[in-house]
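**Student:** Dumping the structure here so I can ask a few things about it.
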Amino acid sequence: MDAMEDAGVRIVSADRNSGIIRGSRDAADATVTVRTQADGRVRVEINARGPSGQDPSLADRIYQAYERRMGR
């Protein structure tokens, strides 16, 4: 959630049980999904979409903020 906020995304909903965080920035919607895999590793998927040409690098900015927060 903090990484999304670092990228300027306003959190719309967060469901800890499902591992889904939804947010928006201007006309773009962003979703982060956190899942534990069978081997115990955690998989994080970041998706963003909006009108054509609207903030095409939003998912990458969320990813970069996530990596910074993870110390990588």
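Every chain in the structure tokens takes a letter, A first, then B, and so on in the order presented; its residues are numbered from 1, and the ligands are numbered from 1 following the presented order.
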Leaving out Glu5 of chain A and any residue of its chain fewer than 6 positions from it, which residues lie within 10 Å of it when counting only C-alpha atoms, given as a PDB file with N, CA, C and O atoms, in the first residue's frame?

**Tutor:**
ATOM      1  N   ILE A  11      -5.380   4.903  -2.563  1.00  0.00           N
ATOM      2  CA  ILE A  11      -5.928   3.581  -2.281  1.00  0.00           C
ATOM      3  C   ILE A  11      -7.452   3.668  -2.238  1.00  0.00           C
ATOM      4  O   ILE A  11      -8.014   4.490  -1.518  1.00  0.00           O
ATOM      5  N   GLY A  23      -6.317   0.914  -6.416  1.00  0.00           N
ATOM      6  CA  GLY A  23      -6.157   2.349  -6.267  1.00  0.00           C
ATOM      7  C   GLY A  23      -6.348   3.059  -7.592  1.00  0.00           C
ATOM      8  O   GLY A  23      -6.530   2.418  -8.630  1.00  0.00           O
ATOM      9  N   SER A  24      -6.281   4.393  -7.537  1.00  0.00           N
ATOM     10  CA  SER A  24      -6.421   5.164  -8.770  1.00  0.00           C
ATOM     11  C   SER A  24      -5.541   6.401  -8.702  1.00  0.00           C
ATOM     12  O   SER A  24      -5.221   6.906  -7.631  1.00  0.00           O
ATOM     13  N   ARG A  25      -5.151   6.835  -9.879  1.00  0.00           N
ATOM     14  CA  ARG A  25      -4.384   8.071 -10.039  1.00  0.00           C
ATOM     15  C   ARG A  25      -4.867   8.728 -11.316  1.00  0.00           C
ATOM     16  O   ARG A  25      -4.746   8.156 -12.398  1.00  0.00           O
ATOM     17  N   ILE A  62       5.101   2.142  -9.528  1.00  0.00           N
ATOM     18  CA  ILE A  62       4.690   1.395  -8.340  1.00  0.00           C
ATOM     19  C   ILE A  62       5.715   0.309  -8.045  1.00  0.00           C
ATOM     20  O   ILE A  62       6.124   0.112  -6.899  1.00  0.00           O
ATOM     21  N   ALA A  65       8.857   1.790  -6.534  1.00  0.00           N
ATOM     22  CA  ALA A  65       8.608   2.172  -5.138  1.00  0.00           C
ATOM     23  C   ALA A  65       8.577   0.933  -4.252  1.00  0.00           C
ATOM     24  O   ALA A  65       9.106   0.935  -3.135  1.00  0.00           O
TER      25      ALA A  65
END

**Student:** Name the residues in contact with Pro56 of chain A at a cut-off of 12 Å, using only C-alpha atoms, excluding same-chain residues fewer than 2 positions from it; report them as a ChimeraX atom specification.

**Tutor:** /A:25,27-30,47-54,58-62

**Student:** By how many Å are atom CA of Arg68 of chain A and atom CA of Ala38 of chain A apart?

**Tutor:** 26.0 Å

**Student:** Measuring atom to atom with only C-alpha atoms, identify which of A:Ile46, A:Tyr66, A:Arg35, A:Gly71 is nearest to Asp6 of chain A.

**Tutor:**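 Checking each of A:Ile46, A:Tyr66, A:Arg35, A:Gly71 against Asp6 of chain A, counting only C-alpha atoms, the winner is A:Tyr66.
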
**Student:** Would you please give, as a list in words, all residues of chain A that DSSP assigns to helix (DSSP H, G or I) based on the backbone?

**Tutor:**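 After running DSSP on the backbone, chain A has helix (DSSP H, G or I) at Asp2, Ala3, Met4, Glu5, Asp6, Leu58, Ala59, Asp60, Arg61, Ile62, Tyr63, Gln64, Ala65, Tyr66, Glu67, Arg68 and Arg69 of chain A.
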
**Student:** Any idea what's packed within 8 Å of segment 32-34 of chain A, counting only C-alpha atoms, ignoring anything in its chain fewer than 6 positions away? Could you give it as a list in words?

**Tutor:**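 In the requested form, the answer reads Gly19, Ile20, Ile21, Arg22, Val42, Arg43, Val44, Glu45, Ile46 and Asn47 of chain A.
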
**Student:** So how far away is atom CA of Arg41 of chain A from atom CA of Asp15 of chain A, in Å?

**Tutor:**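 Going from atom CA of Asp15 of chain A over to atom CA of Arg41 of chain A, I get 19.6 Å.
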
**Student:** May I ask for the distance between atom CA of Ser18 of chain A and atom CA of Thr31 of chain A, given in Å to one decimal place?

**Tutor:** 12.3 Å

**Student:** Run DSSP on the backbone and give me the residues of segment 18-72 of chain A it puts in strand (DSSP E), as an NGL selection string.

**Tutor:** :A and (20-25 or 28-36 or 42-49)

**Student:** Using only C-alpha atoms, pick whichever of A:Gly40, A:Arg69, A:Ala14, A:Ala7 has the shortest atom-to-atom distance to Asp55 of chain A.

**Tutor:** A:Ala7
